[in-house]
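Beneath this line is the structure, given in structure tokens, with notes to follow.
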Amino acid sequence: MAHNKKHKQLVFTVKDRCRVCFTCVRECPVKAIKIINGQAEVISERCIGCGNCVRVCRQKAKVFLRQTDEVKVLLKSRSRVIACVAPSFPAEFTEIEDHRIFVGMVKALGFDLVTEVAFGADMVAVAYKALYNGNNGKGIISSDCPAVVYYVEQYQPELIPNLAPLVSPMVAVARFLKVKYGDDSQVVFVGPCIAKKSESDEIDHALTFNELRELFTDFNIVVENVEARDFDPPHAGMGAIFPVSHGLLQNMNVKHDITKGDVVVAEGRVNFKDALSEFANGGLHARHLELLCCEGCIMGPGMTPNGQKYIRRSCISNYVSQKLETINMPEWHIDMAEAGNIDLTAHFEAMDRRTQNPSTQKVAEVLRSMGKETADDYLDCGACGYDSCIEHAIAVVQGVAENEMCLPYTIEQLHDSIEKINSSNHELENAREALKQSEKLAHMGQLSAGIAHELNNPLGVITMYSNLLLDEVKDETMRNDLQLIVEQADRCRKIVGGLLNFARKNQVRLVETDLEKFVARSLQSIVLTDDIVVKIDVDMSDPIVFLDPDQMMQVLTNLEKNAVEAMPDGGEITINLTEHGEEVEISISDTGTGISNDNMEKVFTPFFTTKEVGKGTGLGLPLCYGIVKMHKGKINIVSNDNPQKGPTGTTFVIRLPRNP
């Protein structure tokens, strides 16, 4: 509205209160909200001042421009200060039964005059009726709601010629008051609207009803302490019905005949936009469009929150009814005659804020980044604040939204993060167990080395003299006894040899080896019965690895022998060879009896064995563990001994770097 308009920033974000709910995005009719790191900021140049974001924000993170301090300064000045009260005041101050008490409270603040904006509604109603009767079918859009006017100027400027070239009731009455009480009078608007604060320079300041209540509190003004006063002239007539739906039409004395369809009334952030779009597209043929951004001024953002619409509407109706019973009609006609000389014209200018939609390719890239590959993936749930996934993606490309605003996408990311954390925890636990095992084996190795060295000499003596006696003794019974001594001493020697191998940190002599052939050769060192089947599955493009053949052969034959012994009634051994980048994996599985959970933590502990006495030393698996570690690899076990949980058996998985 080009009547000396100043565009101010009307709404601000209190960042500490913003809680990433995107309600303000959803409620903003022009999406003048930018999300930065999850926090919503108002894009001032796109804002139309409707105040929806302020009204719906539960955390009170959205606040509007307050002018109470400026008004306090003005009230202390020597200027004549006039309060222009919007006709929706009975819907706000429902606790004050007599409007004269309300006027007395406003005057007690220091205002010289308290007047009604409703008289301005009477003034513009006459001009609107003339437009309505003489528009020759041209659709006229009411220009009394500044938020609607801002929307047309910024987002549908092609409709500016259809805007009624008339000022709002607030500006109309301000112009009348300047003539009646002097051009040096200071005018302060008081009402339910935030957009009024930026509508016109002809108003010095604009307060909401909430701000007026703050002033009452600051000045300790209460109902019991004021003198009842009536509004100062000019007094309003039917203009007092203006803040409710159809109010302007009723003031124009125009009947809204649904069968004709020549008058359209729309209120609310969605409905007024739909009406304008349909009108611009030529689908809606109307002589007059009465549009309000709020659901009537009685539900404006400057009102006390959570008010009941129809109770407020009833308060307005009761006030107007009483007013029309007591109005001095001759005086009203005189004031209206004077008002006929006031210029009510307004001019509007295009301030196109529309942004060009990005290419479909860029939008598709954003959608794919959120896991939306096809149209079936578009949920259009609205959790992000946008009506559709495509609108959200467009906003992301334009830099005013973020991927994380998409709730399904964020939940999916959260699940992925949880899975990664669980995987990391599992790997950490495995590493911790491996470290414990390494420490345990290191201590056992030191102890074993000492024991082995001490036992070697007496065992050598026992073996030597047992063999000497065996050669000399002819008695069969004694020979059998000596033979047993020799066998058991030899067994002790093997145990000591195993201890030394376990304790000794042998050097690894790496040799280029064909792993597939190497594994096949290892099977030649074990005895396989007819009821045991062996399968080798190879999934490797390059079978060459670097390892110590002698030591690694010990590992494979040990595991293969254990697999055979775990299947006394026959079964199947499966050896899988796979590659994972710079690592190779050897998996040896059997269908045997499995290892119990109680024994799983002990399998690499020296001298622990589940075999019968005399059939195992308990050093085979610890030796395998040490050799794999010397190759900078890992060895893990998966086993099941409970048939109710599935097939029994054990799998040893060895992972080795191709070149340690």
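Labels used: A, B, ... for chains in the order of the structure tokens, numbers from 1 for residues in each chain, and numbers from 1 for ligands as shown.
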
Distance query stretch 238-241 of chain A at most 12 Å, only C-alpha atoms, self and fewer than 4 positions along chain excluded, as a VMD selection string = chain A and resid 85 to 91 116 to 126 169 to 170 173 234 245 to 253 296 to 298 312 to 325 327 329 332 336

What's the 10 Å shell around A:Pro568, counting only C-alpha atoms, without same-chain residues fewer than 4 positions away, as JSON, numbers by chain?
-> {"A": [529, 531, 532, 563, 564, 592, 593]}

With N, CA and C atoms retained, could you export that selection as an mmCIF file, in the first residue's frame?
```
data_model
loop_
_atom_site.group_PDB
_atom_site.id
_atom_site.type_symbol
_atom_site.label_atom_id
_atom_site.label_comp_id
_atom_site.auth_asym_id
_atom_site.auth_seq_id
_atom_site.Cartn_x
_atom_site.Cartn_y
_atom_site.Cartn_z
ATOM 1 N N THR A 529 37.213 -90.142 7.403
ATOM 2 C CA THR A 529 36.450 -91.386 7.264
ATOM 3 C C THR A 529 35.468 -91.247 6.116
ATOM 4 N N ASP A 531 32.318 -91.455 6.103
ATOM 5 C CA ASP A 531 31.052 -90.772 6.394
ATOM 6 C C ASP A 531 31.227 -89.269 6.598
ATOM 7 N N ILE A 532 32.384 -88.737 6.273
ATOM 8 C CA ILE A 532 32.618 -87.289 6.365
ATOM 9 C C ILE A 532 32.847 -86.734 4.969
ATOM 10 N N ALA A 563 37.370 -80.456 13.722
ATOM 11 C CA ALA A 563 36.085 -80.616 13.043
ATOM 12 C C ALA A 563 35.754 -82.089 12.867
ATOM 13 N N VAL A 564 36.754 -82.889 12.487
ATOM 14 C CA VAL A 564 36.539 -84.337 12.310
ATOM 15 C C VAL A 564 36.150 -84.984 13.638
ATOM 16 N N GLY A 592 29.068 -80.769 13.566
ATOM 17 C CA GLY A 592 29.246 -81.588 14.758
ATOM 18 C C GLY A 592 28.373 -81.172 15.914
ATOM 19 N N THR A 593 28.841 -81.502 17.115
ATOM 20 C CA THR A 593 28.023 -81.310 18.321
ATOM 21 C C THR A 593 27.987 -79.869 18.795
#
```

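Taking atom CA of A:Thr651 as the reference point, atom CA of A:Val638 is found at 5.2 Å.
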
Could you list, as a JSON list (two decimals) with C-alpha atoms, in the first residue's frame, every residue within 7 Å of stretch 179-186 of chain A, counting only C-alpha atoms and ignoring same-chain residues fewer than 3 positions away?
```json
[["chain", "number", "residue", "atom", "x", "y", "z"],
["A", 79, "SER", "CA", 1.58, 16.31, 21.85],
["A", 80, "ARG", "CA", -2.11, 15.46, 21.62],
["A", 81, "VAL", "CA", -2.15, 11.66, 21.56],
["A", 82, "ILE", "CA", -5.20, 9.89, 20.18],
["A", 175, "ARG", "CA", -7.01, 10.93, 8.15],
["A", 176, "PHE", "CA", -10.34, 12.14, 9.56],
["A", 204, "ASP", "CA", 2.50, 6.94, 14.53]]
```

Which polymer residues have any atom within 10 Å of an atom of A:Asn357, counting only C-alpha atoms, with same-chain residues fewer than 3 positions away left out, as a list in words?
-> Arg354, Thr360, Val363, Glu391, Ile394, Ala395, Val397 and Gln398 of chain A

Secondary structure check, strand (DSSP E) residues of stretch 40-283 of chain A, as an MDAnalysis selection string | chainID A and resid 40:42 62:64 81:85 113:116 140:141 186:191 205:208 263:267

Point-to-point distance in Å for atom CA of A:Gly594 and atom CA of A:Gln644 | 12.8 Å

Excluding same-chain residues fewer than 3 positions from A:Ala108, what lies within 10 Å of it counting only C-alpha atoms, as a list in words?
->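 Counting only the stated atoms, we get Phe102, Val103, Gly104, Met105, Phe111, Asp112, Phe216, Phe219, Asn220, Ile221, Val222, Asn225, Val226 and Glu227 of chain A.
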
Of the listed residues A:Glu565, A:Arg46, A:Ile526, A:Val519, that which approaches A:Met553 most closely, counting only C-alpha atoms = A:Val519
